[in-house]
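*Asks:* Submitted below is the structure of interest, expressed as structure tokens.
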Amino acid sequence: MKKTIRLLAGCLLTLLTASAHAAQPIQPFEADGMARILAGQKGKPFVLVVWSLDCGYCLASLTHLAREKRKHKSLKVVTLATDTLSDERNAAMMQKKLKAAGIASEAWAFGAAPPEQLRYAIDGKWHGELPRSYWFDGRGGKVAHSGVIAPEVIARLMPRS
């Protein structure tokens, strides 16, 4: 009887762990998306990484961030793909790339609004170059960075809790 209970408890623990690590669905980013992302962070520091499926430097940046997140559990990463969710294959490919990079976090992708409008909603001064990241300090400040997110960039810009 005790063996059966232990076996069932082990199975339950495995199921709970697997569901906790399951990929979250990618949310559509519309004109109000930036406000929704900020509200979801509740004033805590985080980095927003804007990337695309066809951007090789973006994947390198995501990989560097995943590595750093393993060292610093407090590093909160939110991803935003400039690819649209209108094509089901895009969502599957985004999930696959994020998983390959080791990023399991809140994920967004451009929705139905025109890309120019969505870029402007993120940052009116941004012209679409990738990778692009925004480092929020949790106190209302942010720093924008264009280019690869290398370890030295993370060390310099990582929000301090």
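Going through the structure tokens in order, the chains are called A, B, and so on, while each chain numbers its residues from 1 and the ligands are numbered from 1 in the order shown.
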Which residues are close to Arg67 of chain A, i.e. within 12 Å by only C-alpha atoms, leaving aside same-chain residues fewer than 5 positions away? Reply as a count of residues only.

*Replies:* 15

*Asks:* May I have the residues within 9 Å of segment 111-120 of chain A as a PDB file with C-alpha atoms, in the first residue's frame, using only C-alpha atoms and disregarding those fewer than 3 positions away in the same chain?

*Replies:*
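The resulting around02.pdb:
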```
ATOM      1  CA  GLN A  27       0.137  36.252 -26.614  1.00  0.00           C
ATOM      2  CA  PRO A  28      -0.810  38.653 -29.417  1.00  0.00           C
ATOM      3  CA  PHE A  29       0.800  42.086 -29.073  1.00  0.00           C
ATOM      4  CA  GLU A  30      -1.609  44.814 -30.168  1.00  0.00           C
ATOM      5  CA  ALA A  31      -1.554  48.607 -29.742  1.00  0.00           C
ATOM      6  CA  ASP A  32      -2.176  48.236 -25.982  1.00  0.00           C
ATOM      7  CA  GLY A  33       0.427  45.485 -25.655  1.00  0.00           C
ATOM      8  CA  THR A  82       7.958  40.897 -34.631  1.00  0.00           C
ATOM      9  CA  ASP A  83       6.562  37.949 -36.593  1.00  0.00           C
ATOM     10  CA  THR A  84       2.775  37.754 -36.617  1.00  0.00           C
ATOM     11  CA  LEU A  85       0.563  35.127 -35.088  1.00  0.00           C
ATOM     12  CA  SER A  86      -1.719  35.144 -38.147  1.00  0.00           C
ATOM     13  CA  TRP A 108       4.401  37.854 -27.161  1.00  0.00           C
ATOM     14  CA  ASP A 123       9.104  52.894 -28.820  1.00  0.00           C
ATOM     15  CA  GLY A 124       8.361  55.869 -31.069  1.00  0.00           C
ATOM     16  CA  LYS A 125      12.099  56.316 -31.714  1.00  0.00           C
ATOM     17  CA  TRP A 126      12.707  52.705 -32.771  1.00  0.00           C
ATOM     18  CA  HIS A 127      12.989  52.011 -36.507  1.00  0.00           C
ATOM     19  CA  GLY A 128      12.764  48.215 -36.418  1.00  0.00           C
TER      20      GLY A 128
END
```

*Asks:* List as a list in words the protein and nucleic acid residues near segment 39-47 of chain A, meaning an atom at most 6 Å away when only C-alpha atoms are counted, but skip any in the same chain fewer than 3 places from it.

*Replies:*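 Residues meeting the cut-off are Arg36, Lys76, Val77, Tyr134, Trp135, Phe136, Asp137, Gly138 and Pro159 of chain A.
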
*Asks:* Could you list, as a ChimeraX atom specification, every residue within 6 Å of segment 56-58 of chain A, counting only C-alpha atoms and ignoring same-chain residues fewer than 5 positions away?

*Replies:* /A:51,131,148

*Asks:* Could you pull out all residues of segment 51-137 of chain A with a DSSP call of helix (DSSP H, G or I) and give them as number ranges by chain?

*Replies:* A: 56-71, 88-101, 115-122

*Asks:* Dump N, CA and C atoms for the selected residues as a CSV table (one decimal), in the first residue's frame?

*Replies:*
```
chain,number,residue,atom,x,y,z
A,56,GLY,N,19.3,35.9,-36.9
A,56,GLY,CA,20.3,35.1,-36.3
A,56,GLY,C,20.9,35.7,-35.0
A,57,TYR,N,21.1,37.0,-35.0
A,57,TYR,CA,21.7,37.6,-33.8
A,57,TYR,C,20.7,37.6,-32.7
A,58,CYS,N,19.4,37.5,-33.0
A,58,CYS,CA,18.4,37.5,-32.0
A,58,CYS,C,18.5,36.2,-31.2
A,59,LEU,N,18.7,35.1,-31.9
A,59,LEU,CA,18.8,33.8,-31.3
A,59,LEU,C,20.0,33.7,-30.3
A,60,ALA,N,21.1,34.3,-30.8
A,60,ALA,CA,22.3,34.4,-30.0
A,60,ALA,C,22.0,35.2,-28.7
A,61,SER,N,21.3,36.3,-28.8
A,61,SER,CA,20.9,37.1,-27.7
A,61,SER,C,20.1,36.3,-26.7
A,62,LEU,N,19.1,35.6,-27.2
A,62,LEU,CA,18.2,34.8,-26.3
A,62,LEU,C,19.0,33.7,-25.6
A,63,THR,N,20.0,33.1,-26.3
A,63,THR,CA,20.8,32.1,-25.7
A,63,THR,C,21.6,32.7,-24.6
A,64,HIS,N,22.2,33.8,-24.8
A,64,HIS,CA,23.0,34.5,-23.7
A,64,HIS,C,22.1,34.8,-22.5
A,65,LEU,N,20.9,35.3,-22.8
A,65,LEU,CA,20.0,35.7,-21.7
A,65,LEU,C,19.6,34.4,-20.9
A,66,ALA,N,19.4,33.3,-21.6
A,66,ALA,CA,19.0,32.1,-20.9
A,66,ALA,C,20.1,31.6,-20.0
A,67,ARG,N,21.3,31.7,-20.5
A,67,ARG,CA,22.5,31.3,-19.7
A,67,ARG,C,22.6,32.2,-18.4
A,68,GLU,N,22.4,33.5,-18.6
A,68,GLU,CA,22.5,34.4,-17.5
A,68,GLU,C,21.4,34.2,-16.5
A,69,LYS,N,20.2,33.8,-17.0
A,69,LYS,CA,19.1,33.6,-16.2
A,69,LYS,C,19.3,32.4,-15.3
A,70,ARG,N,20.0,31.4,-15.8
A,70,ARG,CA,20.3,30.2,-14.9
A,70,ARG,C,21.2,30.6,-13.7
A,71,LYS,N,22.1,31.6,-13.9
A,71,LYS,CA,22.9,32.1,-12.9
A,71,LYS,C,22.2,33.1,-11.9
A,88,GLU,N,-0.3,30.1,-38.2
A,88,GLU,CA,-0.1,29.1,-37.1
A,88,GLU,C,1.4,28.5,-37.1
A,89,ARG,N,2.0,28.4,-38.2
A,89,ARG,CA,3.4,27.9,-38.3
A,89,ARG,C,4.3,28.8,-37.6
A,90,ASN,N,4.0,30.2,-37.6
A,90,ASN,CA,4.9,31.1,-36.9
A,90,ASN,C,4.9,30.8,-35.4
A,91,ALA,N,3.8,30.6,-34.9
A,91,ALA,CA,3.7,30.4,-33.4
A,91,ALA,C,4.5,29.1,-33.0
A,92,ALA,N,4.3,28.1,-33.8
A,92,ALA,CA,5.1,26.8,-33.5
A,92,ALA,C,6.6,27.1,-33.7
A,93,MET,N,7.0,27.8,-34.7
A,93,MET,CA,8.4,28.1,-34.9
A,93,MET,C,9.0,29.0,-33.8
A,94,MET,N,8.2,29.9,-33.3
A,94,MET,CA,8.6,30.8,-32.2
A,94,MET,C,8.8,30.0,-31.0
A,95,GLN,N,7.9,29.1,-30.7
A,95,GLN,CA,8.0,28.2,-29.5
A,95,GLN,C,9.2,27.4,-29.6
A,96,LYS,N,9.5,26.8,-30.8
A,96,LYS,CA,10.6,26.0,-31.0
A,96,LYS,C,11.9,26.7,-30.8
A,97,LYS,N,12.0,28.0,-31.4
A,97,LYS,CA,13.3,28.8,-31.2
A,97,LYS,C,13.5,29.2,-29.8
A,98,LEU,N,12.4,29.6,-29.1
A,98,LEU,CA,12.6,30.0,-27.7
A,98,LEU,C,13.0,28.8,-26.9
A,99,LYS,N,12.5,27.6,-27.1
A,99,LYS,CA,12.9,26.4,-26.4
A,99,LYS,C,14.3,26.1,-26.7
A,100,ALA,N,14.7,26.2,-28.0
A,100,ALA,CA,16.1,25.9,-28.4
A,100,ALA,C,17.1,26.8,-27.7
A,101,ALA,N,16.7,28.1,-27.5
A,101,ALA,CA,17.6,29.1,-26.9
A,101,ALA,C,17.6,28.9,-25.3
A,115,PRO,N,2.4,46.5,-38.5
A,115,PRO,CA,3.7,46.5,-37.8
A,115,PRO,C,4.2,47.8,-37.4
A,116,GLU,N,4.0,48.8,-38.3
A,116,GLU,CA,4.5,50.2,-37.9
A,116,GLU,C,3.9,50.7,-36.7
A,117,GLN,N,2.6,50.5,-36.5
A,117,GLN,CA,1.8,50.9,-35.4
A,117,GLN,C,2.3,50.2,-34.1
A,118,LEU,N,2.6,48.9,-34.2
A,118,LEU,CA,3.1,48.1,-33.1
A,118,LEU,C,4.5,48.5,-32.7
A,119,ARG,N,5.4,48.8,-33.7
A,119,ARG,CA,6.7,49.3,-33.4
A,119,ARG,C,6.6,50.6,-32.6
A,120,TYR,N,5.7,51.5,-33.1
A,120,TYR,CA,5.6,52.8,-32.4
A,120,TYR,C,5.0,52.6,-31.0
A,121,ALA,N,4.2,51.6,-30.8
A,121,ALA,CA,3.6,51.4,-29.4
A,121,ALA,C,4.7,50.9,-28.5
A,122,ILE,N,5.8,50.3,-29.0
A,122,ILE,CA,6.9,49.9,-28.2
A,122,ILE,C,7.8,51.1,-27.9
```

*Asks:* Just list the residues in segment 16-152 of chain A DSSP gives strand (DSSP E or B) on the backbone, as JSON, numbers by chain.

*Replies:* {"A": [27, 28, 29, 46, 47, 48, 49, 50, 51, 77, 78, 79, 80, 81, 82, 83, 84, 106, 107, 108, 109, 110, 132, 133, 134, 135, 136, 142, 143, 144, 145, 146]}

*Asks:* Go ahead and write the selection's residues with N, CA and C atoms as an mmCIF file, in the first residue's frame.

*Replies:*
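What landed in part.cif:
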```cif
data_model
loop_
_atom_site.group_PDB
_atom_site.id
_atom_site.type_symbol
_atom_site.label_atom_id
_atom_site.label_comp_id
_atom_site.auth_asym_id
_atom_site.auth_seq_id
_atom_site.Cartn_x
_atom_site.Cartn_y
_atom_site.Cartn_z
ATOM 1 N N GLN A 27 1.239 35.297 -26.646
ATOM 2 C CA GLN A 27 0.137 36.252 -26.614
ATOM 3 C C GLN A 27 0.254 37.251 -27.766
ATOM 4 N N PRO A 28 -0.867 37.658 -28.341
ATOM 5 C CA PRO A 28 -0.810 38.653 -29.417
ATOM 6 C C PRO A 28 -0.523 40.047 -28.860
ATOM 7 N N PHE A 29 0.432 40.731 -29.463
ATOM 8 C CA PHE A 29 0.800 42.086 -29.073
ATOM 9 C C PHE A 29 0.066 43.051 -29.993
ATOM 10 N N PHE A 46 12.741 44.010 -15.307
ATOM 11 C CA PHE A 46 12.719 42.955 -16.325
ATOM 12 C C PHE A 46 13.363 43.473 -17.598
ATOM 13 N N VAL A 47 13.634 42.553 -18.512
ATOM 14 C CA VAL A 47 14.132 42.915 -19.839
ATOM 15 C C VAL A 47 13.129 42.426 -20.879
ATOM 16 N N LEU A 48 12.794 43.319 -21.803
ATOM 17 C CA LEU A 48 11.933 42.979 -22.933
ATOM 18 C C LEU A 48 12.841 42.817 -24.142
ATOM 19 N N VAL A 49 12.835 41.631 -24.734
ATOM 20 C CA VAL A 49 13.667 41.350 -25.904
ATOM 21 C C VAL A 49 12.772 41.278 -27.133
ATOM 22 N N VAL A 50 13.031 42.166 -28.089
ATOM 23 C CA VAL A 50 12.285 42.175 -29.341
ATOM 24 C C VAL A 50 13.134 41.420 -30.365
ATOM 25 N N TRP A 51 12.543 40.400 -30.994
ATOM 26 C CA TRP A 51 13.294 39.506 -31.872
ATOM 27 C C TRP A 51 12.431 39.066 -33.048
ATOM 28 N N VAL A 77 12.772 37.782 -18.012
ATOM 29 C CA VAL A 77 12.868 38.010 -19.455
ATOM 30 C C VAL A 77 11.476 37.878 -20.079
ATOM 31 N N VAL A 78 11.090 38.882 -20.848
ATOM 32 C CA VAL A 78 9.848 38.856 -21.617
ATOM 33 C C VAL A 78 10.260 38.971 -23.081
ATOM 34 N N THR A 79 9.719 38.114 -23.928
ATOM 35 C CA THR A 79 10.086 38.155 -25.345
ATOM 36 C C THR A 79 8.922 38.672 -26.187
ATOM 37 N N LEU A 80 9.281 39.380 -27.256
ATOM 38 C CA LEU A 80 8.289 39.908 -28.188
ATOM 39 C C LEU A 80 8.806 39.705 -29.608
ATOM 40 N N ALA A 81 8.171 38.800 -30.336
ATOM 41 C CA ALA A 81 8.563 38.534 -31.723
ATOM 42 C C ALA A 81 7.843 39.505 -32.653
ATOM 43 N N THR A 82 8.572 40.001 -33.649
ATOM 44 C CA THR A 82 7.958 40.897 -34.631
ATOM 45 C C THR A 82 7.263 40.114 -35.745
ATOM 46 N N ASP A 83 7.306 38.802 -35.662
ATOM 47 C CA ASP A 83 6.562 37.949 -36.593
ATOM 48 C C ASP A 83 5.114 37.906 -36.104
ATOM 49 N N THR A 84 4.183 37.729 -37.019
ATOM 50 C CA THR A 84 2.775 37.754 -36.617
ATOM 51 C C THR A 84 2.255 36.367 -36.266
ATOM 52 N N GLU A 106 7.416 34.616 -20.449
ATOM 53 C CA GLU A 106 6.267 35.278 -21.042
ATOM 54 C C GLU A 106 6.624 35.658 -22.477
ATOM 55 N N ALA A 107 5.833 35.199 -23.426
ATOM 56 C CA ALA A 107 6.144 35.428 -24.837
ATOM 57 C C ALA A 107 4.984 36.130 -25.540
ATOM 58 N N TRP A 108 5.351 37.080 -26.381
ATOM 59 C CA TRP A 108 4.401 37.854 -27.161
ATOM 60 C C TRP A 108 4.848 37.838 -28.617
ATOM 61 N N ALA A 109 3.920 38.106 -29.520
ATOM 62 C CA ALA A 109 4.241 38.261 -30.944
ATOM 63 C C ALA A 109 3.265 39.265 -31.541
ATOM 64 N N PHE A 110 3.716 39.946 -32.575
ATOM 65 C CA PHE A 110 2.878 40.957 -33.214
ATOM 66 C C PHE A 110 1.530 40.356 -33.586
ATOM 67 N N ARG A 132 16.539 44.094 -30.457
ATOM 68 C CA ARG A 132 16.319 45.320 -29.686
ATOM 69 C C ARG A 132 15.869 44.871 -28.308
ATOM 70 N N SER A 133 16.386 45.514 -27.285
ATOM 71 C CA SER A 133 15.970 45.156 -25.926
ATOM 72 C C SER A 133 15.732 46.414 -25.111
ATOM 73 N N TYR A 134 14.863 46.264 -24.139
ATOM 74 C CA TYR A 134 14.522 47.348 -23.219
ATOM 75 C C TYR A 134 14.696 46.805 -21.814
ATOM 76 N N TRP A 135 15.527 47.475 -21.050
ATOM 77 C CA TRP A 135 15.876 47.043 -19.702
ATOM 78 C C TRP A 135 15.156 47.952 -18.717
ATOM 79 N N PHE A 136 14.138 47.423 -18.060
ATOM 80 C CA PHE A 136 13.306 48.177 -17.127
ATOM 81 C C PHE A 136 13.815 47.963 -15.704
ATOM 82 N N LYS A 142 13.995 53.067 -17.968
ATOM 83 C CA LYS A 142 14.313 52.010 -18.931
ATOM 84 C C LYS A 142 15.483 52.458 -19.792
ATOM 85 N N VAL A 143 16.227 51.467 -20.264
ATOM 86 C CA VAL A 143 17.342 51.702 -21.168
ATOM 87 C C VAL A 143 17.097 50.846 -22.401
ATOM 88 N N ALA A 144 17.197 51.464 -23.582
ATOM 89 C CA ALA A 144 17.039 50.734 -24.839
ATOM 90 C C ALA A 144 18.415 50.325 -25.346
ATOM 91 N N HIS A 145 18.488 49.126 -25.922
ATOM 92 C CA HIS A 145 19.748 48.626 -26.491
ATOM 93 C C HIS A 145 19.455 47.971 -27.834
ATOM 94 N N SER A 146 20.183 48.388 -28.863
ATOM 95 C CA SER A 146 20.101 47.741 -30.174
ATOM 96 C C SER A 146 21.365 46.938 -30.393
#
```

*Asks:* Atom CA of Ile26 of chain A to atom CA of Arg156 of chain A: how many Å, to one decimal?

*Replies:*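 So the two atoms, atom CA of Ile26 of chain A and atom CA of Arg156 of chain A, lie 28.7 Å apart.
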